[in-house]
file run.pdb (PDB, C-alpha atoms, pLDDT in the B column)
ATOM      1  CA  MET A   1      -3.534  -2.867  19.224  1.00 40.00           C
ATOM      2  CA  LYS A   2      -0.004  -4.247  19.138  1.00 44.00           C
ATOM      3  CA  LEU A   3       2.788  -1.709  19.078  1.00 44.00           C
ATOM      4  CA  PRO A   4       4.681  -3.244  16.101  1.00 44.00           C
ATOM      5  CA  HIS A   5       1.647  -2.648  13.922  1.00 48.00           C
ATOM      6  CA  LEU A   6       1.855   1.062  14.663  1.00 48.00           C
ATOM      7  CA  THR A   7       5.273   1.323  13.038  1.00 48.00           C
ATOM      8  CA  GLN A   8       5.042  -1.122  10.165  1.00 49.00           C
ATOM      9  CA  HIS A   9       2.459  -2.561   7.795  1.00 55.00           C
ATOM     10  CA  GLY A  10       1.926  -6.187   8.809  1.00 54.00           C
ATOM     11  CA  THR A  11       4.097  -8.734  10.572  1.00 50.00           C
ATOM     12  CA  ARG A  12       4.908 -11.379   7.959  1.00 54.00           C
ATOM     13  CA  GLN A  13       8.275 -12.926   8.788  1.00 59.00           C
ATOM     14  CA  SER A  14       8.954 -14.879   5.581  1.00 74.00           C
ATOM     15  CA  GLY A  15       9.422 -14.073   1.915  1.00 88.00           C
ATOM     16  CA  ASP A  16      11.051 -11.239   0.008  1.00 92.00           C
ATOM     17  CA  ALA A  17      10.105  -8.105  -1.914  1.00 94.00           C
ATOM     18  CA  LEU A  18       8.678 -10.103  -4.823  1.00 95.00           C
ATOM     19  CA  ASP A  19       6.414 -12.069  -2.468  1.00 93.00           C
ATOM     20  CA  VAL A  20       5.216  -8.813  -0.925  1.00 92.00           C
ATOM     21  CA  PHE A  21       4.645  -7.207  -4.323  1.00 94.00           C
ATOM     22  CA  VAL A  22       2.471 -10.108  -5.482  1.00 93.00           C
ATOM     23  CA  ASP A  23       0.635 -10.405  -2.161  1.00 90.00           C
ATOM     24  CA  GLU A  24      -0.198  -6.710  -2.078  1.00 91.00           C
ATOM     25  CA  THR A  25      -1.296  -6.670  -5.716  1.00 93.00           C
ATOM     26  CA  GLU A  26      -3.747  -9.492  -4.999  1.00 91.00           C
ATOM     27  CA  LEU A  27      -4.968  -7.814  -1.821  1.00 90.00           C
ATOM     28  CA  LEU A  28      -5.467  -4.478  -3.579  1.00 93.00           C
ATOM     29  CA  ASP A  29      -7.614  -6.294  -6.134  1.00 93.00           C
ATOM     30  CA  GLU A  30      -9.900  -7.447  -3.307  1.00 92.00           C
ATOM     31  CA  LEU A  31      -9.914  -4.041  -1.669  1.00 93.00           C
ATOM     32  CA  PHE A  32     -10.900  -2.250  -4.866  1.00 94.00           C
ATOM     33  CA  ASP A  33     -13.811  -4.658  -5.268  1.00 93.00           C
ATOM     34  CA  LYS A  34     -14.860  -3.890  -1.688  1.00 91.00           C
ATOM     35  CA  TRP A  35     -14.404  -0.144  -2.256  1.00 92.00           C
ATOM     36  CA  LYS A  36     -16.862  -0.284  -5.156  1.00 91.00           C
ATOM     37  CA  ALA A  37     -19.308  -2.495  -3.234  1.00 88.00           C
ATOM     38  CA  THR A  38     -19.456  -0.138  -0.225  1.00 86.00           C
ATOM     39  CA  THR A  39     -20.023   3.111  -2.131  1.00 87.00           C
ATOM     40  CA  PRO A  40     -22.401   5.061   0.171  1.00 81.00           C
ATOM     41  CA  ASP A  41     -24.686   6.311  -2.597  1.00 76.00           C
ATOM     42  CA  ARG A  42     -25.685   2.706  -3.238  1.00 63.00           C
ATOM     43  CA  SER A  43     -27.252   2.498   0.230  1.00 60.00           C
ATOM     44  CA  VAL A  44     -30.394   3.978   1.756  1.00 58.00           C
ATOM     45  CA  GLY A  45     -31.648   4.824   5.237  1.00 62.00           C
ATOM     46  CA  ASP A  46     -29.590   3.613   8.184  1.00 66.00           C
ATOM     47  CA  GLU A  47     -27.430   1.558   5.828  1.00 76.00           C
ATOM     48  CA  VAL A  48     -25.777   4.751   4.607  1.00 77.00           C
ATOM     49  CA  VAL A  49     -23.922   5.243   7.905  1.00 76.00           C
ATOM     50  CA  SER A  50     -22.662   1.665   7.907  1.00 80.00           C
ATOM     51  CA  ALA A  51     -21.628   1.956   4.276  1.00 81.00           C
ATOM     52  CA  LYS A  52     -19.632   5.125   5.017  1.00 85.00           C
ATOM     53  CA  TRP A  53     -17.741   3.416   7.861  1.00 84.00           C
ATOM     54  CA  ASP A  54     -16.934   0.462   5.630  1.00 87.00           C
ATOM     55  CA  HIS A  55     -16.047   2.620   2.630  1.00 90.00           C
ATOM     56  CA  GLY A  56     -13.729   4.854   4.623  1.00 89.00           C
ATOM     57  CA  THR A  57     -12.074   1.892   6.333  1.00 88.00           C
ATOM     58  CA  VAL A  58     -11.394   0.246   2.988  1.00 91.00           C
ATOM     59  CA  GLY A  59     -10.047   3.541   1.684  1.00 92.00           C
ATOM     60  CA  LYS A  60      -7.494   3.726   4.477  1.00 89.00           C
ATOM     61  CA  LEU A  61      -6.516   0.111   3.843  1.00 89.00           C
ATOM     62  CA  LEU A  62      -6.023   0.929   0.159  1.00 93.00           C
ATOM     63  CA  LEU A  63      -3.580   3.647   1.178  1.00 92.00           C
ATOM     64  CA  GLU A  64      -1.645   1.372   3.534  1.00 89.00           C
ATOM     65  CA  HIS A  65      -1.324  -1.547   1.160  1.00 91.00           C
ATOM     66  CA  ALA A  66      -0.578   0.575  -1.899  1.00 94.00           C
ATOM     67  CA  ALA A  67       2.299   2.061   0.118  1.00 92.00           C
ATOM     68  CA  VAL A  68       3.659  -1.424   0.863  1.00 92.00           C
ATOM     69  CA  ARG A  69       3.361  -2.391  -2.808  1.00 94.00           C
ATOM     70  CA  LEU A  70       5.252   0.783  -3.751  1.00 96.00           C
ATOM     71  CA  ALA A  71       8.111  -0.070  -1.386  1.00 94.00           C
ATOM     72  CA  ALA A  72       8.295  -3.614  -2.791  1.00 95.00           C
ATOM     73  CA  SER A  73       8.205  -2.329  -6.369  1.00 96.00           C
ATOM     74  CA  GLU A  74      11.042   0.099  -5.735  1.00 95.00           C
ATOM     75  CA  GLU A  75      13.135  -2.713  -4.289  1.00 96.00           C
ATOM     76  CA  LEU A  76      12.438  -4.858  -7.361  1.00 96.00           C
ATOM     77  CA  ALA A  77      13.441  -1.969  -9.629  1.00 96.00           C
ATOM     78  CA  ARG A  78      16.667  -1.496  -7.661  1.00 95.00           C
ATOM     79  CA  VAL A  79      17.820  -5.089  -8.120  1.00 96.00           C
ATOM     80  CA  LEU A  80      16.630  -5.378 -11.730  1.00 95.00           C
ATOM     81  CA  SER A  81      18.501  -2.209 -12.643  1.00 94.00           C
ATOM     82  CA  ALA A  82      21.675  -3.472 -10.951  1.00 92.00           C
ATOM     83  CA  GLU A  83      21.420  -6.630 -13.064  1.00 90.00           C
ATOM     84  CA  GLY A  84      21.046  -4.727 -16.329  1.00 90.00           C
ATOM     85  CA  LYS A  85      17.315  -5.401 -16.731  1.00 93.00           C
ATOM     86  CA  ASP A  86      16.756  -1.729 -17.410  1.00 92.00           C
ATOM     87  CA  ALA A  87      13.575  -2.010 -19.497  1.00 94.00           C
ATOM     88  CA  LEU A  88      11.642  -3.847 -16.797  1.00 94.00           C
ATOM     89  CA  ALA A  89      13.124  -1.670 -14.057  1.00 95.00           C
ATOM     90  CA  SER A  90      12.058   1.428 -16.001  1.00 95.00           C
ATOM     91  CA  LEU A  91       8.461   0.182 -16.277  1.00 94.00           C
ATOM     92  CA  LEU A  92       8.296  -0.252 -12.512  1.00 95.00           C
ATOM     93  CA  ARG A  93       9.871   3.129 -11.874  1.00 95.00           C
ATOM     94  CA  ASP A  94       7.494   4.912 -14.215  1.00 95.00           C
ATOM     95  CA  GLU A  95       4.518   3.441 -12.366  1.00 95.00           C
ATOM     96  CA  ASN A  96       6.083   4.317  -9.016  1.00 95.00           C
ATOM     97  CA  MET A  97       6.655   7.911 -10.101  1.00 95.00           C
ATOM     98  CA  ALA A  98       2.949   8.211 -10.888  1.00 95.00           C
ATOM     99  CA  LEU A  99       1.942   6.397  -7.699  1.00 95.00           C
ATOM    100  CA  ARG A 100       3.850   8.539  -5.206  1.00 95.00           C
ATOM    101  CA  PRO A 101       1.807  11.756  -5.594  1.00 95.00           C
ATOM    102  CA  LEU A 102      -1.450   9.788  -5.442  1.00 96.00           C
ATOM    103  CA  LEU A 103      -0.472   8.291  -2.077  1.00 94.00           C
ATOM    104  CA  ASP A 104       0.574  11.731  -0.850  1.00 93.00           C
ATOM    105  CA  GLN A 105      -2.836  13.137  -1.792  1.00 95.00           C
ATOM    106  CA  MET A 106      -4.680  10.234  -0.150  1.00 94.00           C
ATOM    107  CA  TYR A 107      -2.594  10.571   2.998  1.00 91.00           C
ATOM    108  CA  ASP A 108      -3.095  14.317   3.277  1.00 91.00           C
ATOM    109  CA  ALA A 109      -6.861  13.927   2.830  1.00 92.00           C
ATOM    110  CA  ALA A 110      -7.182  11.040   5.332  1.00 89.00           C
ATOM    111  CA  ARG A 111      -4.666  11.937   8.040  1.00 86.00           C
ATOM    112  CA  GLY A 112      -6.450  12.179  11.366  1.00 83.00           C
ATOM    113  CA  VAL A 113      -9.851  11.924   9.654  1.00 85.00           C
ATOM    114  CA  GLN A 114     -12.389   9.325  10.706  1.00 85.00           C
ATOM    115  CA  PRO A 115     -13.259   6.735   8.049  1.00 86.00           C
ATOM    116  CA  ILE A 116     -16.889   7.888   7.917  1.00 85.00           C
ATOM    117  CA  SER A 117     -15.668  11.286   6.716  1.00 88.00           C
ATOM    118  CA  VAL A 118     -12.981   9.901   4.410  1.00 88.00           C
ATOM    119  CA  ALA A 119     -15.717   8.031   2.546  1.00 87.00           C
ATOM    120  CA  ILE A 120     -17.219  11.280   1.249  1.00 88.00           C
ATOM    121  CA  THR A 121     -14.068  13.410   0.897  1.00 90.00           C
ATOM    122  CA  PRO A 122     -13.502  14.346  -2.777  1.00 92.00           C
ATOM    123  CA  GLU A 123      -9.798  14.994  -2.112  1.00 95.00           C
ATOM    124  CA  PHE A 124      -9.494  11.318  -1.128  1.00 94.00           C
ATOM    125  CA  ILE A 125     -11.928   9.728  -3.564  1.00 93.00           C
ATOM    126  CA  GLY A 126     -10.304  11.340  -6.616  1.00 95.00           C
ATOM    127  CA  PRO A 127      -6.816   9.904  -6.011  1.00 95.00           C
ATOM    128  CA  VAL A 128      -8.316   6.485  -5.243  1.00 95.00           C
ATOM    129  CA  GLU A 129      -9.938   6.468  -8.673  1.00 95.00           C
ATOM    130  CA  SER A 130      -6.627   7.503 -10.237  1.00 96.00           C
ATOM    131  CA  LEU A 131      -4.875   4.770  -8.260  1.00 95.00           C
ATOM    132  CA  PHE A 132      -7.203   2.174  -9.756  1.00 94.00           C
ATOM    133  CA  ASP A 133      -6.621   3.550 -13.260  1.00 94.00           C
ATOM    134  CA  LEU A 134      -2.870   3.271 -12.680  1.00 94.00           C
ATOM    135  CA  ILE A 135      -2.550  -0.250 -11.278  1.00 91.00           C
ATOM    136  CA  GLY A 136      -5.800  -1.713 -12.589  1.00 89.00           C
ATOM    137  CA  PRO A 137      -4.098  -3.478 -15.542  1.00 88.00           C
ATOM    138  CA  ALA A 138      -2.052  -5.544 -13.055  1.00 88.00           C
ATOM    139  CA  LEU A 139      -5.058  -6.658 -11.010  1.00 88.00           C
ATOM    140  CA  GLY A 140      -6.771 -10.014 -11.275  1.00 86.00           C
ATOM    141  CA  PRO A 141      -5.476 -13.593 -10.774  1.00 85.00           C
ATOM    142  CA  LYS A 142      -4.232 -14.077 -14.343  1.00 86.00           C
ATOM    143  CA  GLN A 143      -2.445 -10.744 -14.505  1.00 87.00           C
ATOM    144  CA  SER A 144      -0.895 -11.235 -11.068  1.00 83.00           C
ATOM    145  CA  SER A 145       0.375 -14.718 -11.925  1.00 86.00           C
ATOM    146  CA  ARG A 146       1.780 -13.517 -15.237  1.00 90.00           C
ATOM    147  CA  LEU A 147       3.518 -10.547 -13.614  1.00 88.00           C
ATOM    148  CA  LYS A 148       5.036 -12.751 -10.923  1.00 90.00           C
ATOM    149  CA  GLY A 149       6.408 -15.093 -13.586  1.00 93.00           C
ATOM    150  CA  ILE A 150       7.931 -12.244 -15.569  1.00 93.00           C
ATOM    151  CA  LEU A 151       9.617 -10.727 -12.523  1.00 93.00           C
ATOM    152  CA  ALA A 152      10.839 -14.052 -11.130  1.00 94.00           C
ATOM    153  CA  THR A 153      12.334 -14.998 -14.507  1.00 94.00           C
ATOM    154  CA  ALA A 154      14.008 -11.625 -14.908  1.00 94.00           C
ATOM    155  CA  LEU A 155      15.521 -11.789 -11.426  1.00 93.00           C
ATOM    156  CA  GLY A 156      16.727 -15.387 -11.710  1.00 91.00           C
ATOM    157  CA  LEU A 157      19.304 -16.287  -9.098  1.00 92.00           C
ATOM    158  CA  GLU A 158      19.695 -12.604  -8.238  1.00 92.00           C
ATOM    159  CA  ARG A 159      16.361 -12.767  -6.456  1.00 93.00           C
ATOM    160  CA  ARG A 160      18.426 -13.578  -3.375  1.00 93.00           C
ATOM    161  CA  ARG A 161      19.564  -9.930  -3.397  1.00 94.00           C
ATOM    162  CA  LEU A 162      16.033  -8.711  -2.666  1.00 95.00           C
ATOM    163  CA  ARG A 163      15.357  -7.416   0.816  1.00 93.00           C
ATOM    164  CA  SER A 164      13.043  -9.394   3.072  1.00 92.00           C
ATOM    165  CA  ALA A 165       9.297  -8.996   3.455  1.00 91.00           C
ATOM    166  CA  THR A 166       9.820  -7.756   7.011  1.00 88.00           C
ATOM    167  CA  TYR A 167      12.235  -5.067   5.797  1.00 89.00           C
ATOM    168  CA  ILE A 168       9.836  -3.901   3.096  1.00 90.00           C
ATOM    169  CA  ARG A 169       6.915  -3.594   5.500  1.00 87.00           C
ATOM    170  CA  LYS A 170       8.995  -1.581   7.953  1.00 85.00           C
ATOM    171  CA  HIS A 171      10.234   0.777   5.241  1.00 84.00           C
ATOM    172  CA  ALA A 172       6.989   1.701   3.490  1.00 86.00           C
ATOM    173  CA  PRO A 173       6.013   5.335   4.181  1.00 84.00           C
ATOM    174  CA  ALA A 174       2.357   6.025   3.396  1.00 83.00           C
ATOM    175  CA  HIS A 175       3.384   9.608   2.547  1.00 80.00           C
ATOM    176  CA  PRO A 176       6.368   8.859   0.274  1.00 82.00           C
ATOM    177  CA  GLY A 177       6.844  12.309  -1.224  1.00 78.00           C
ATOM    178  CA  PRO A 178       8.914  12.944  -4.371  1.00 78.00           C
ATOM    179  CA  PRO A 179      11.752  10.521  -5.195  1.00 76.00           C
ATOM    180  CA  GLY A 180      15.450  11.243  -5.122  1.00 68.00           C
ATOM    181  CA  ARG A 181      15.777  12.894  -1.716  1.00 73.00           C
ATOM    182  CA  TRP A 182      19.024  12.097   0.078  1.00 69.00           C
ATOM    183  CA  TYR A 183      17.333  10.744   3.211  1.00 67.00           C
ATOM    184  CA  ASP A 184      15.449   8.192   1.131  1.00 72.00           C
ATOM    185  CA  ARG A 185      18.808   6.420   0.800  1.00 73.00           C
ATOM    186  CA  VAL A 186      19.201   6.046   4.581  1.00 75.00           C
ATOM    187  CA  PRO A 187      17.210   2.982   5.736  1.00 75.00           C
ATOM    188  CA  PHE A 188      16.916   4.168   9.337  1.00 71.00           C
ATOM    189  CA  LEU A 189      15.400   7.484   8.255  1.00 83.00           C
ATOM    190  CA  VAL A 190      13.008   5.775   5.845  1.00 77.00           C
ATOM    191  CA  ARG A 191      11.814   3.489   8.624  1.00 76.00           C
ATOM    192  CA  LEU A 192      11.458   6.466  10.945  1.00 79.00           C
ATOM    193  CA  ARG A 193       9.295   8.230   8.351  1.00 73.00           C
ATOM    194  CA  ALA A 194       7.167   5.119   7.871  1.00 75.00           C
ATOM    195  CA  GLY A 195       6.510   4.907  11.602  1.00 77.00           C
ATOM    196  CA  GLU A 196       5.817   8.628  11.818  1.00 75.00           C
ATOM    197  CA  ASP A 197       3.322   8.408   8.961  1.00 74.00           C
ATOM    198  CA  ARG A 198       1.362   5.797  10.850  1.00 69.00           C
ATOM    199  CA  LEU A 199       1.549   7.555  14.218  1.00 69.00           C
ATOM    200  CA  ARG A 200       0.450  10.859  12.660  1.00 70.00           C
ATOM    201  CA  GLY A 201      -2.168   9.206  10.505  1.00 65.00           C
ATOM    202  CA  PHE A 202      -4.673   7.953  13.072  1.00 55.00           C
ATOM    203  CA  PRO A 203      -7.218   6.658  12.769  1.00 56.00           C
ATOM    204  CA  TRP A 204      -5.958   3.953  10.439  1.00 61.00           C
ATOM    205  CA  GLY A 205      -8.080   1.116   9.155  1.00 62.00           C
ATOM    206  CA  GLU A 206      -7.320  -0.915  12.288  1.00 60.00           C
ATOM    207  CA  SER A 207      -8.277   1.794  14.775  1.00 61.00           C
ATOM    208  CA  SER A 208     -11.207   1.562  17.154  1.00 56.00           C
ATOM    209  CA  LEU A 209     -12.935   4.337  15.194  1.00 59.00           C
ATOM    210  CA  ALA A 210     -13.040   2.224  12.039  1.00 60.00           C
ATOM    211  CA  ASP A 211     -14.780  -1.022  11.159  1.00 67.00           C
ATOM    212  CA  ARG A 212     -12.215  -3.218  12.907  1.00 69.00           C
ATOM    213  CA  LYS A 213     -13.815  -6.489  11.819  1.00 74.00           C
ATOM    214  CA  LEU A 214     -13.604  -5.406   8.205  1.00 75.00           C
ATOM    215  CA  ALA A 215     -10.046  -4.151   8.680  1.00 73.00           C
ATOM    216  CA  ARG A 216      -8.910  -7.462  10.170  1.00 72.00           C
ATOM    217  CA  ARG A 217     -10.410  -9.306   7.222  1.00 74.00           C
ATOM    218  CA  TYR A 218      -8.354  -7.453   4.654  1.00 71.00           C
ATOM    219  CA  ASP A 219      -5.370  -6.165   6.624  1.00 64.00           C
ATOM    220  CA  ARG A 220      -3.914  -9.619   6.855  1.00 59.00           C
ATOM    221  CA  GLU A 221      -0.767 -11.516   6.072  1.00 53.00           C
ATOM    222  CA  ILE A 222      -1.224 -13.725   3.029  1.00 45.00           C
TER
END
call {"tool": "encode", "arguments": {"input": "run.pdb", "output": "structure tokens"}}
result
Amino acid sequence: MKLPHLTQHGTRQSGDALDVFVDETELLDELFDKWKATTPDRSVGDEVVSAKWDHGTVGKLLLEHAAVRLAASEELARVLSAEGKDALASLLRDENMALRPLLDQMYDAARGVQPISVAITPEFIGPVESLFDLIGPALGPKQSSRLKGILATALGLERRRLRSATYIRKHAPAHPGPPGRWYDRVPFLVRLRAGEDRLRGFPWGESSLADRKLARRYDREI
């Protein structure tokens, strides 16, 4: 496992926060489909064990990529608000306010827990279902394309003010906590927290204890 992947989510070197937001929305759509398909109670016999590994691995990937999408969304809201696009910025912020506690709950339930156990942990499964209810309306190719168009149009030339994809992925804590804390305004401290979340959160979806083949399939750079 490469060291950079321990302290950030992914290694994409191109694009900006809007690219990341769209990429992660599309990837979360795939992951939710896989989460439903690997539900352990749909399996029998020896397949149950395999289904639990897959289900738990996908659950951890949902946490990671939802955290990246949150960081990208907050960056979009920052620039939109600065440009006077308060209505759109407010919509993003409202969703982010609801998303933060769900990620905190998922992180607390999955930290240091093997995927096979995460798959049957009610404290993890509940927030995942709430996560889908929250962002579900934005999922799907048509919705994603429409949302990208709306955001790109609203940003206009000011899109150049968005931080890079690399920055977003390095500053995406999986345990974001409540908003408005002073240290959330210090990039170095945010990055430090993001790295700490990953180092404290083993095993992640990419760990040797998870279904690494499945993790590599979905934990990719689009």
call {"tool": "closest_residue", "arguments": {"input": "run.pdb", "among": "A:Glu47, A:Leu214, A:Arg163, A:Asp184", "to": "Ser14 (chain A)", "atoms": "all atoms listed in the file"}}
result
A:Arg163
call {"tool": "closest_atom_pairs", "arguments": {"input": "run.pdb", "of": "region 11-41 of chain A", "to": "region 74-77 of chain A", "cutoff": "10 Å", "atoms": "only C-alpha atoms", "output": "Markdown table"}}
result
| residue | atom | partner | partner_atom | distance |
| --- | --- | --- | --- | --- |
| A:Asp16 | CA | A:Glu75 | CA | 9.8 |
| A:Ala17 | CA | A:Glu75 | CA | 6.6 |
| A:Leu18 | CA | A:Leu76 | CA | 6.9 |
| A:Phe21 | CA | A:Leu76 | CA | 8.7 |
call {"tool": "atom_distance", "arguments": {"input": "run.pdb", "atom1": "CA of Ala66 (chain A)", "atom2": "CA of Ile135 (chain A)"}}
result
9.6 Å
call {"tool": "residues_near_point", "arguments": {"input": "run.pdb", "point": "(6.6, -3.0, -1.0)", "cutoff": "7 Å", "atoms": "all atoms listed in the file", "output": "ChimeraX atom specification"}}
result
/A:17,20-21,67-73,168-169,172
call {"tool": "residues_around", "arguments": {"input": "run.pdb", "residues": "region 143-155 of chain A", "least_positions_apart": "5", "cutoff": "12 Å", "atoms": "only C-alpha atoms", "output": "PDB file with C-alpha atoms, in the coordinates of the input"}}
result
ATOM      1  CA  ASP A  16      11.051 -11.239   0.008  1.00 92.00           C
ATOM      2  CA  ALA A  17      10.105  -8.105  -1.914  1.00 94.00           C
ATOM      3  CA  LEU A  18       8.678 -10.103  -4.823  1.00 95.00           C
ATOM      4  CA  ASP A  19       6.414 -12.069  -2.468  1.00 93.00           C
ATOM      5  CA  VAL A  20       5.216  -8.813  -0.925  1.00 92.00           C
ATOM      6  CA  PHE A  21       4.645  -7.207  -4.323  1.00 94.00           C
ATOM      7  CA  VAL A  22       2.471 -10.108  -5.482  1.00 93.00           C
ATOM      8  CA  ASP A  23       0.635 -10.405  -2.161  1.00 90.00           C
ATOM      9  CA  GLU A  24      -0.198  -6.710  -2.078  1.00 91.00           C
ATOM     10  CA  THR A  25      -1.296  -6.670  -5.716  1.00 93.00           C
ATOM     11  CA  GLU A  26      -3.747  -9.492  -4.999  1.00 91.00           C
ATOM     12  CA  LEU A  27      -4.968  -7.814  -1.821  1.00 90.00           C
ATOM     13  CA  LEU A  28      -5.467  -4.478  -3.579  1.00 93.00           C
ATOM     14  CA  ASP A  29      -7.614  -6.294  -6.134  1.00 93.00           C
ATOM     15  CA  SER A  73       8.205  -2.329  -6.369  1.00 96.00           C
ATOM     16  CA  GLU A  75      13.135  -2.713  -4.289  1.00 96.00           C
ATOM     17  CA  LEU A  76      12.438  -4.858  -7.361  1.00 96.00           C
ATOM     18  CA  ALA A  77      13.441  -1.969  -9.629  1.00 96.00           C
ATOM     19  CA  ARG A  78      16.667  -1.496  -7.661  1.00 95.00           C
ATOM     20  CA  VAL A  79      17.820  -5.089  -8.120  1.00 96.00           C
ATOM     21  CA  LEU A  80      16.630  -5.378 -11.730  1.00 95.00           C
ATOM     22  CA  SER A  81      18.501  -2.209 -12.643  1.00 94.00           C
ATOM     23  CA  ALA A  82      21.675  -3.472 -10.951  1.00 92.00           C
ATOM     24  CA  GLU A  83      21.420  -6.630 -13.064  1.00 90.00           C
ATOM     25  CA  GLY A  84      21.046  -4.727 -16.329  1.00 90.00           C
ATOM     26  CA  LYS A  85      17.315  -5.401 -16.731  1.00 93.00           C
ATOM     27  CA  ASP A  86      16.756  -1.729 -17.410  1.00 92.00           C
ATOM     28  CA  ALA A  87      13.575  -2.010 -19.497  1.00 94.00           C
ATOM     29  CA  LEU A  88      11.642  -3.847 -16.797  1.00 94.00           C
ATOM     30  CA  ALA A  89      13.124  -1.670 -14.057  1.00 95.00           C
ATOM     31  CA  LEU A  91       8.461   0.182 -16.277  1.00 94.00           C
ATOM     32  CA  LEU A  92       8.296  -0.252 -12.512  1.00 95.00           C
ATOM     33  CA  ILE A 135      -2.550  -0.250 -11.278  1.00 91.00           C
ATOM     34  CA  GLY A 136      -5.800  -1.713 -12.589  1.00 89.00           C
ATOM     35  CA  PRO A 137      -4.098  -3.478 -15.542  1.00 88.00           C
ATOM     36  CA  ALA A 138      -2.052  -5.544 -13.055  1.00 88.00           C
ATOM     37  CA  ARG A 160      18.426 -13.578  -3.375  1.00 93.00           C
ATOM     38  CA  ARG A 161      19.564  -9.930  -3.397  1.00 94.00           C
ATOM     39  CA  LEU A 162      16.033  -8.711  -2.666  1.00 95.00           C
TER      40      LEU A 162
END
call {"tool": "atom_distance", "arguments": {"input": "run.pdb", "atom1": "CA of Val58 (chain A)", "atom2": "CA of Lys34 (chain A)"}}
result
7.1 Å
call {"tool": "resolve_selection", "arguments": {"input": "run.pdb", "expression": "the PyMOL selection byres ((chain A and resi 130) around 12)", "output": "VMD selection string"}}
result
chain A and resid 32 98 to 103 105 to 106 123 to 129 131 to 136
call {"tool": "write_last_selection", "arguments": {"input": "run.pdb", "atoms": "C-alpha atoms", "output": "PDB file, keeping the file's coordinate frame"}}
result
ATOM      1  CA  PHE A  32     -10.900  -2.250  -4.866  1.00 94.00           C
ATOM      2  CA  ALA A  98       2.949   8.211 -10.888  1.00 95.00           C
ATOM      3  CA  LEU A  99       1.942   6.397  -7.699  1.00 95.00           C
ATOM      4  CA  ARG A 100       3.850   8.539  -5.206  1.00 95.00           C
ATOM      5  CA  PRO A 101       1.807  11.756  -5.594  1.00 95.00           C
ATOM      6  CA  LEU A 102      -1.450   9.788  -5.442  1.00 96.00           C
ATOM      7  CA  LEU A 103      -0.472   8.291  -2.077  1.00 94.00           C
ATOM      8  CA  GLN A 105      -2.836  13.137  -1.792  1.00 95.00           C
ATOM      9  CA  MET A 106      -4.680  10.234  -0.150  1.00 94.00           C
ATOM     10  CA  GLU A 123      -9.798  14.994  -2.112  1.00 95.00           C
ATOM     11  CA  PHE A 124      -9.494  11.318  -1.128  1.00 94.00           C
ATOM     12  CA  ILE A 125     -11.928   9.728  -3.564  1.00 93.00           C
ATOM     13  CA  GLY A 126     -10.304  11.340  -6.616  1.00 95.00           C
ATOM     14  CA  PRO A 127      -6.816   9.904  -6.011  1.00 95.00           C
ATOM     15  CA  VAL A 128      -8.316   6.485  -5.243  1.00 95.00           C
ATOM     16  CA  GLU A 129      -9.938   6.468  -8.673  1.00 95.00           C
ATOM     17  CA  LEU A 131      -4.875   4.770  -8.260  1.00 95.00           C
ATOM     18  CA  PHE A 132      -7.203   2.174  -9.756  1.00 94.00           C
ATOM     19  CA  ASP A 133      -6.621   3.550 -13.260  1.00 94.00           C
ATOM     20  CA  LEU A 134      -2.870   3.271 -12.680  1.00 94.00           C
ATOM     21  CA  ILE A 135      -2.550  -0.250 -11.278  1.00 91.00           C
ATOM     22  CA  GLY A 136      -5.800  -1.713 -12.589  1.00 89.00           C
TER      23      GLY A 136
END
call {"tool": "atom_distance", "arguments": {"input": "run.pdb", "atom1": "CA of Pro115 (chain A)", "atom2": "CA of Lys170 (chain A)"}}
result
23.8 Å
call {"tool": "axis_aligned_box", "arguments": {"input": "run.pdb", "around": "region 28-41 of chain A", "padding_each_side": "6 Å", "output": "JSON"}}
result
{"center_x": -15.1, "center_y": -0.6, "center_z": -3.0, "size_x": 31.2, "size_y": 25.8, "size_z": 18.3}
call {"tool": "resolve_selection", "arguments": {"input": "run.pdb", "expression": "the PyMOL selection byres ((chain A and resi 50-55) around 7)", "output": "list in words"}}
result
Trp35, Thr38, Thr39, Pro40, Ser43, Glu47, Val48, Val49, Gly56, Thr57, Val58, Gly59, Pro115, Ile116, Ala119, Ala210 and Asp211 of chain A
